[in-house]
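Colleague: Hey, dropping work.cif in here, mmCIF, C-alpha atoms; chains and numbers go by the auth columns:
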data_my_file
#
loop_
_atom_site.group_PDB
_atom_site.id
_atom_site.type_symbol
_atom_site.label_atom_id
_atom_site.label_comp_id
_atom_site.label_asym_id
_atom_site.label_seq_id
_atom_site.Cartn_x
_atom_site.Cartn_y
_atom_site.Cartn_z
_atom_site.B_iso_or_equiv
_atom_site.auth_seq_id
_atom_site.auth_asym_id
ATOM 1 C CA MET A 1 -7.546 21.965 5.893 0.00 38 A
ATOM 2 C CA SER A 2 -7.756 22.869 2.221 0.00 39 A
ATOM 3 C CA ALA A 3 -11.348 24.046 2.674 0.00 40 A
ATOM 4 C CA GLY A 4 -10.201 26.347 5.498 0.00 41 A
ATOM 5 C CA LEU A 5 -7.359 27.657 3.392 0.00 42 A
ATOM 6 C CA LEU A 6 -9.620 28.274 0.402 0.00 43 A
ATOM 7 C CA PHE A 7 -12.891 29.366 2.019 0.00 44 A
ATOM 8 C CA GLY A 8 -12.228 30.281 5.663 0.00 45 A
ATOM 9 C CA SER A 9 -13.552 28.646 8.825 0.00 46 A
ATOM 10 C CA LEU A 10 -17.318 29.047 8.482 0.00 47 A
ATOM 11 C CA VAL A 11 -17.844 28.369 4.772 0.00 48 A
ATOM 12 C CA GLY A 12 -15.126 25.698 4.785 0.00 49 A
ATOM 13 C CA THR A 13 -16.731 23.876 7.714 0.00 50 A
ATOM 14 C CA ILE A 14 -20.128 23.947 6.004 0.00 51 A
ATOM 15 C CA ILE A 15 -18.652 22.547 2.772 0.00 52 A
ATOM 16 C CA VAL A 16 -16.667 19.825 4.556 0.00 53 A
ATOM 17 C CA SER A 17 -19.591 18.939 6.814 0.00 54 A
ATOM 18 C CA ILE A 18 -22.002 18.490 3.924 0.00 55 A
ATOM 19 C CA SER A 19 -19.561 16.661 1.650 0.00 56 A
ATOM 20 C CA GLY A 20 -18.263 14.388 4.432 0.00 57 A
ATOM 21 C CA THR A 21 -21.790 13.445 5.470 0.00 58 A
ATOM 22 C CA MET A 22 -22.770 12.758 1.858 0.00 59 A
ATOM 23 C CA ALA A 23 -19.689 10.574 1.324 0.00 60 A
ATOM 24 C CA ALA A 24 -20.388 8.652 4.537 0.00 61 A
ATOM 25 C CA SER A 25 -24.000 8.147 3.470 0.00 62 A
ATOM 26 C CA VAL A 26 -23.072 6.815 0.025 0.00 63 A
ATOM 27 C CA ALA A 27 -20.553 4.349 1.502 0.00 64 A
ATOM 28 C CA PHE A 28 -23.141 3.236 4.084 0.00 65 A
ATOM 29 C CA LEU A 29 -25.727 2.599 1.345 0.00 66 A
ATOM 30 C CA ILE A 30 -23.223 0.690 -0.803 0.00 67 A
ATOM 31 C CA ALA A 31 -22.407 -1.613 2.104 0.00 68 A
ATOM 32 C CA ARG A 32 -26.054 -1.942 3.153 0.00 69 A
ATOM 33 C CA TYR A 33 -27.450 -2.877 -0.247 0.00 70 A
ATOM 34 C CA PHE A 34 -24.541 -4.716 -1.842 0.00 71 A
ATOM 35 C CA ALA A 35 -22.863 -6.543 1.049 0.00 72 A
ATOM 36 C CA ARG A 36 -25.071 -6.832 4.157 0.00 73 A
ATOM 37 C CA GLU A 37 -26.997 -9.948 3.066 0.00 74 A
ATOM 38 C CA ARG A 38 -23.775 -11.740 2.131 0.00 75 A
ATOM 39 C CA ILE A 39 -22.149 -10.832 5.436 0.00 76 A
ATOM 40 C CA LEU A 40 -25.202 -11.965 7.402 0.00 77 A
ATOM 41 C CA LYS A 41 -25.045 -15.357 5.643 0.00 78 A
ATOM 42 C CA LEU A 42 -21.324 -15.658 6.471 0.00 79 A
ATOM 43 C CA VAL A 43 -21.805 -14.883 10.158 0.00 80 A
ATOM 44 C CA GLU A 44 -25.142 -16.639 10.552 0.00 81 A
ATOM 45 C CA GLY A 45 -24.147 -18.585 13.673 0.00 82 A
ATOM 46 C CA ASN A 46 -21.695 -16.056 15.115 0.00 83 A
ATOM 47 C CA LYS A 47 -23.242 -14.921 18.410 0.00 84 A
ATOM 48 C CA LYS A 48 -20.704 -12.155 18.945 0.00 85 A
ATOM 49 C CA PHE A 49 -21.397 -10.499 15.595 0.00 86 A
ATOM 50 C CA LEU A 50 -25.142 -10.816 16.138 0.00 87 A
ATOM 51 C CA ALA A 51 -24.786 -9.293 19.610 0.00 88 A
ATOM 52 C CA ILE A 52 -22.731 -6.378 18.353 0.00 89 A
ATOM 53 C CA ASP A 53 -25.158 -5.888 15.464 0.00 90 A
ATOM 54 C CA LYS A 54 -28.076 -5.851 17.892 0.00 91 A
ATOM 55 C CA ALA A 55 -26.344 -3.396 20.239 0.00 92 A
ATOM 56 C CA ILE A 56 -25.492 -1.029 17.404 0.00 93 A
ATOM 57 C CA GLY A 57 -28.969 -1.341 15.920 0.00 94 A
ATOM 58 C CA GLU A 58 -30.666 -0.491 19.211 0.00 95 A
ATOM 59 C CA ASN A 59 -28.261 2.320 20.153 0.00 96 A
ATOM 60 C CA GLY A 60 -27.186 3.365 16.679 0.00 97 A
ATOM 61 C CA PHE A 61 -27.353 7.128 17.059 0.00 98 A
ATOM 62 C CA ARG A 62 -25.301 7.151 20.282 0.00 99 A
ATOM 63 C CA VAL A 63 -22.778 4.580 19.094 0.00 100 A
ATOM 64 C CA VAL A 64 -22.194 6.267 15.730 0.00 101 A
ATOM 65 C CA THR A 65 -21.942 9.740 17.293 0.00 102 A
ATOM 66 C CA LEU A 66 -19.433 8.598 19.908 0.00 103 A
ATOM 67 C CA LEU A 67 -17.310 6.676 17.429 0.00 104 A
ATOM 68 C CA ARG A 68 -17.333 9.612 15.014 0.00 105 A
ATOM 69 C CA LEU A 69 -16.068 11.869 17.806 0.00 106 A
ATOM 70 C CA SER A 70 -13.070 9.636 18.338 0.00 107 A
ATOM 71 C CA PRO A 71 -10.380 8.279 16.022 0.00 108 A
ATOM 72 C CA LEU A 72 -11.103 4.756 17.298 0.00 109 A
ATOM 73 C CA LEU A 73 -12.484 3.627 13.948 0.00 110 A
ATOM 74 C CA PRO A 74 -11.047 4.952 10.674 0.00 111 A
ATOM 75 C CA PHE A 75 -13.562 7.149 8.845 0.00 112 A
ATOM 76 C CA SER A 76 -13.747 5.285 5.523 0.00 113 A
ATOM 77 C CA LEU A 77 -13.797 1.835 7.066 0.00 114 A
ATOM 78 C CA GLY A 78 -16.458 2.911 9.555 0.00 115 A
ATOM 79 C CA ASN A 79 -18.769 4.090 6.787 0.00 116 A
ATOM 80 C CA TYR A 80 -18.842 0.622 5.263 0.00 117 A
ATOM 81 C CA LEU A 81 -18.950 -1.224 8.582 0.00 118 A
ATOM 82 C CA TYR A 82 -21.985 0.732 9.774 0.00 119 A
ATOM 83 C CA GLY A 83 -23.731 -0.246 6.542 0.00 120 A
ATOM 84 C CA LEU A 84 -23.199 -3.883 7.484 0.00 121 A
ATOM 85 C CA THR A 85 -24.927 -3.397 10.840 0.00 122 A
ATOM 86 C CA SER A 86 -28.614 -2.926 11.574 0.00 123 A
ATOM 87 C CA VAL A 87 -28.302 0.781 12.413 0.00 124 A
ATOM 88 C CA LYS A 88 -31.043 2.751 10.643 0.00 125 A
ATOM 89 C CA PHE A 89 -30.024 5.094 7.822 0.00 126 A
ATOM 90 C CA VAL A 90 -31.488 8.412 9.058 0.00 127 A
ATOM 91 C CA PRO A 91 -30.050 8.152 12.597 0.00 128 A
ATOM 92 C CA TYR A 92 -26.738 7.121 11.020 0.00 129 A
ATOM 93 C CA VAL A 93 -26.675 10.212 8.800 0.00 130 A
ATOM 94 C CA PHE A 94 -27.501 12.637 11.621 0.00 131 A
ATOM 95 C CA ALA A 95 -25.118 10.932 14.058 0.00 132 A
ATOM 96 C CA SER A 96 -22.338 10.976 11.466 0.00 133 A
ATOM 97 C CA TRP A 97 -22.899 14.648 10.751 0.00 134 A
ATOM 98 C CA LEU A 98 -22.967 15.556 14.443 0.00 135 A
ATOM 99 C CA GLY A 99 -20.003 13.373 15.360 0.00 136 A
ATOM 100 C CA MET A 100 -17.848 14.570 12.462 0.00 137 A
ATOM 101 C CA LEU A 101 -18.626 18.256 12.959 0.00 138 A
ATOM 102 C CA PRO A 102 -16.065 19.002 15.728 0.00 139 A
ATOM 103 C CA GLY A 103 -13.232 17.291 13.845 0.00 140 A
ATOM 104 C CA SER A 104 -14.215 18.977 10.604 0.00 141 A
ATOM 105 C CA TRP A 105 -14.258 22.347 12.316 0.00 142 A
ATOM 106 C CA ALA A 106 -10.838 21.716 13.880 0.00 143 A
ATOM 107 C CA TYR A 107 -9.179 20.763 10.581 0.00 144 A
ATOM 108 C CA VAL A 108 -10.865 23.541 8.624 0.00 145 A
ATOM 109 C CA SER A 109 -9.895 26.053 11.310 0.00 146 A
ATOM 110 C CA ALA A 110 -6.273 24.935 11.033 0.00 147 A
ATOM 111 C CA GLY A 111 -6.447 25.609 7.313 0.00 148 A
ATOM 112 C CA ALA A 112 -8.089 28.982 7.930 0.00 149 A
ATOM 113 C CA PHE A 113 -5.301 29.824 10.355 0.00 150 A
ATOM 114 C CA GLY A 114 -2.807 29.043 7.599 0.00 151 A
ATOM 115 C CA ARG A 115 -4.792 31.309 5.304 0.00 152 A
ATOM 116 C CA ALA A 116 -4.591 34.096 7.867 0.00 153 A
ATOM 117 C CA ILE A 117 -0.828 33.679 8.144 0.00 154 A
ATOM 118 C CA ILE A 118 -0.445 33.744 4.382 0.00 155 A
ATOM 119 C CA GLN A 119 -2.575 36.867 4.113 0.00 156 A
ATOM 120 C CA GLU A 120 -0.853 38.380 7.170 0.00 157 A
ATOM 121 C CA GLU A 121 -4.133 39.207 8.840 0.00 158 A
ATOM 122 C CA SER A 122 -3.263 40.698 12.194 0.00 159 A
ATOM 123 C CA ASN A 123 -6.728 40.219 13.706 0.00 160 A
ATOM 124 C CA VAL A 124 -6.398 36.427 13.954 0.00 161 A
ATOM 125 C CA GLY A 125 -4.969 35.320 17.282 0.00 162 A
ATOM 126 C CA LEU A 126 -2.623 32.407 17.701 0.00 163 A
ATOM 127 C CA PRO A 127 -4.410 29.359 19.114 0.00 164 A
ATOM 128 C CA GLY A 128 -1.559 28.621 21.545 0.00 165 A
ATOM 129 C CA GLY A 129 -0.278 25.431 23.055 0.00 166 A
ATOM 130 C CA ASN A 130 -2.835 25.096 25.876 0.00 167 A
ATOM 131 C CA GLY A 131 -5.742 25.026 23.449 0.00 168 A
ATOM 132 C CA GLN A 132 -4.076 22.308 21.410 0.00 169 A
ATOM 133 C CA LEU A 133 -3.349 20.272 24.541 0.00 170 A
ATOM 134 C CA LEU A 134 -6.950 20.659 25.686 0.00 171 A
ATOM 135 C CA THR A 135 -8.226 19.508 22.284 0.00 172 A
ATOM 136 C CA LEU A 136 -5.906 16.489 22.341 0.00 173 A
ATOM 137 C CA GLY A 137 -6.956 15.634 25.901 0.00 174 A
ATOM 138 C CA LEU A 138 -10.644 15.889 25.030 0.00 175 A
ATOM 139 C CA GLY A 139 -10.103 13.706 21.969 0.00 176 A
ATOM 140 C CA LEU A 140 -8.396 11.021 24.047 0.00 177 A
ATOM 141 C CA LEU A 141 -11.118 11.187 26.701 0.00 178 A
ATOM 142 C CA VAL A 142 -13.892 10.846 24.113 0.00 179 A
ATOM 143 C CA THR A 143 -12.039 7.921 22.531 0.00 180 A
ATOM 144 C CA ALA A 144 -11.772 6.130 25.877 0.00 181 A
ATOM 145 C CA LEU A 145 -15.433 6.802 26.716 0.00 182 A
ATOM 146 C CA ALA A 146 -16.597 5.632 23.287 0.00 183 A
ATOM 147 C CA ALA A 147 -14.550 2.436 23.512 0.00 184 A
ATOM 148 C CA THR A 148 -15.855 1.721 27.022 0.00 185 A
ATOM 149 C CA TYR A 149 -19.463 2.395 26.047 0.00 186 A
ATOM 150 C CA VAL A 150 -19.381 0.273 22.891 0.00 187 A
ATOM 151 C CA THR A 151 -17.627 -2.559 24.746 0.00 188 A
ATOM 152 C CA ARG A 152 -20.285 -2.466 27.472 0.00 189 A
ATOM 153 C CA LEU A 153 -23.097 -2.524 24.893 0.00 190 A
ATOM 154 C CA ALA A 154 -21.531 -5.488 23.124 0.00 191 A
ATOM 155 C CA LYS A 155 -21.022 -7.403 26.390 0.00 192 A
ATOM 156 C CA ASP A 156 -24.613 -6.746 27.455 0.00 193 A
ATOM 157 C CA ALA A 157 -25.907 -7.874 24.078 0.00 194 A
ATOM 158 C CA ILE A 158 -23.780 -11.048 24.195 0.00 195 A
ATOM 159 C CA LYS A 159 -25.091 -11.763 27.687 0.00 196 A
ATOM 160 C CA ASP A 160 -28.671 -11.283 26.474 0.00 197 A
ATOM 161 C CA ILE A 161 -28.098 -13.719 23.608 0.00 198 A
ATOM 162 C CA ASP A 162 -26.455 -16.282 25.921 0.00 199 A
ATOM 163 C CA ASP A 163 -29.419 -15.996 28.312 0.00 200 A
ATOM 164 C CA GLU A 164 -31.900 -16.753 25.519 0.00 201 A
#
For this file, write the structure as structure tokens.
Modeller:
Amino acid sequence: MSAGLLFGSLVGTIIVSISGTMAASVAFLIARYFARERILKLVEGNKKFLAIDKAIGENGFRVVTLLRLSPLLPFSLGNYLYGLTSVKFVPYVFASWLGMLPGSWAYVSAGAFGRAIIQEESNVGLPGGNGQLLTLGLGLLVTALAATYVTRLAKDAIKDIDDE
């Protein structure tokens, strides 16, 4: 919101998008190179973790994008958790950027709206209640779809491991 207040919608969204993606990437790399081996040793015999890791590794771009679109997994925690999985770095970065973009735009736009009010710009229209309800509804729908999809992937991966 601060970026929207300071820089406006377009420039603020670009700044937040780049900085958020960079922060997510750094956290991912920290987890990947400083903790993944230790975690794998701890969960060596855990079939459920291995199944989830396999599912995320094989469908990393889709899983990360969907989870970034929803508030199902907290942003900071997710960055580290993805680093512990077998998802590849480049798909993770692009999926994070794409999945975070709508939320970044929404928050930055709210800040830009505040800027417009402060500056008393008459050419900025009020977003209205219906738009906010639609955004909330879409967010809840995406969250439900992401949770269902990830659950299905994990169940399928567990079934595959049990069949082996």
Colleague: Looking at all atoms listed in the file, which of A:Ala147, A:Ala60, A:Ile155, A:Val101 is the one that sits closest to Tyr119 in chain A?
Modeller: A:Val101
Colleague: If we count all atoms listed in the file and set the cut-off at 9 Å, which residues sit around range 63-66 of chain A, ignoring sequence neighbours fewer than 6 positions away in its own chain? Please answer as a list of chain:residue names.
Modeller: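 Surrounding residues, per the criterion: A:Ser113, A:Gly115, A:Asn116, A:Tyr117, A:Leu118, A:Tyr119, A:Gly120, A:Leu121, A:Phe126, A:Tyr129.
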Colleague: Counting all atoms listed in the file, which of A:Val80, A:Trp142, A:Arg189, A:Val124 gets nearest to Gly45 in chain A?
Modeller: A:Trp142
Colleague: Record the distance separating CA of Asn96 in chain A and CA of Val145 in chain A, expressed in Å with one decimal.
Modeller: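 One can read the CA of Asn96 in chain A to CA of Val145 in chain A distance as 29.8 Å.
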Colleague: Please indicate the distance in Å from CA of Leu43 in chain A to CA of Leu104 in chain A, rounded to one decimal place.
Modeller: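 Distance reported for this atom pair: 28.6 Å.
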Colleague: So, with all atoms listed in the file as the atoms that count, which of A:Ser62, A:Ser107, A:Ser123, A:Ser133 lies closest to Ile76 in chain A?
Modeller: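 Ranked by minimum distance to Ile76 in chain A, first place goes to A:Ser123.
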Colleague: To one decimal place, how far is CA of Ala149 in chain A from CA of Ala61 in chain A in Å?
Modeller: 24.0 Å
Colleague: So which residues get picked by the PyMOL selection byres ((chain A and resi 139) around 12) here, written as a VMD selection string?
Modeller: chain A and resid 50 to 51 53 to 54 102 to 103 105 to 107 133 to 138 140 to 146 172 175 to 176 179
Colleague: Please write the residues picked by the PyMOL selection byres ((chain A and resi 77) around 12) on this file as a ChimeraX atom specification.
Modeller: /A:68-69,71-76,78-84,86-87,90,120-123
Colleague: Find the residue from A:Thr185, A:Lys125, A:Phe112, A:Val48 that sits nearest to Glu95 in chain A; use all atoms listed in the file when measuring.
Modeller: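 The shortest atom-to-atom distance to Glu95 in chain A comes from A:Lys125.
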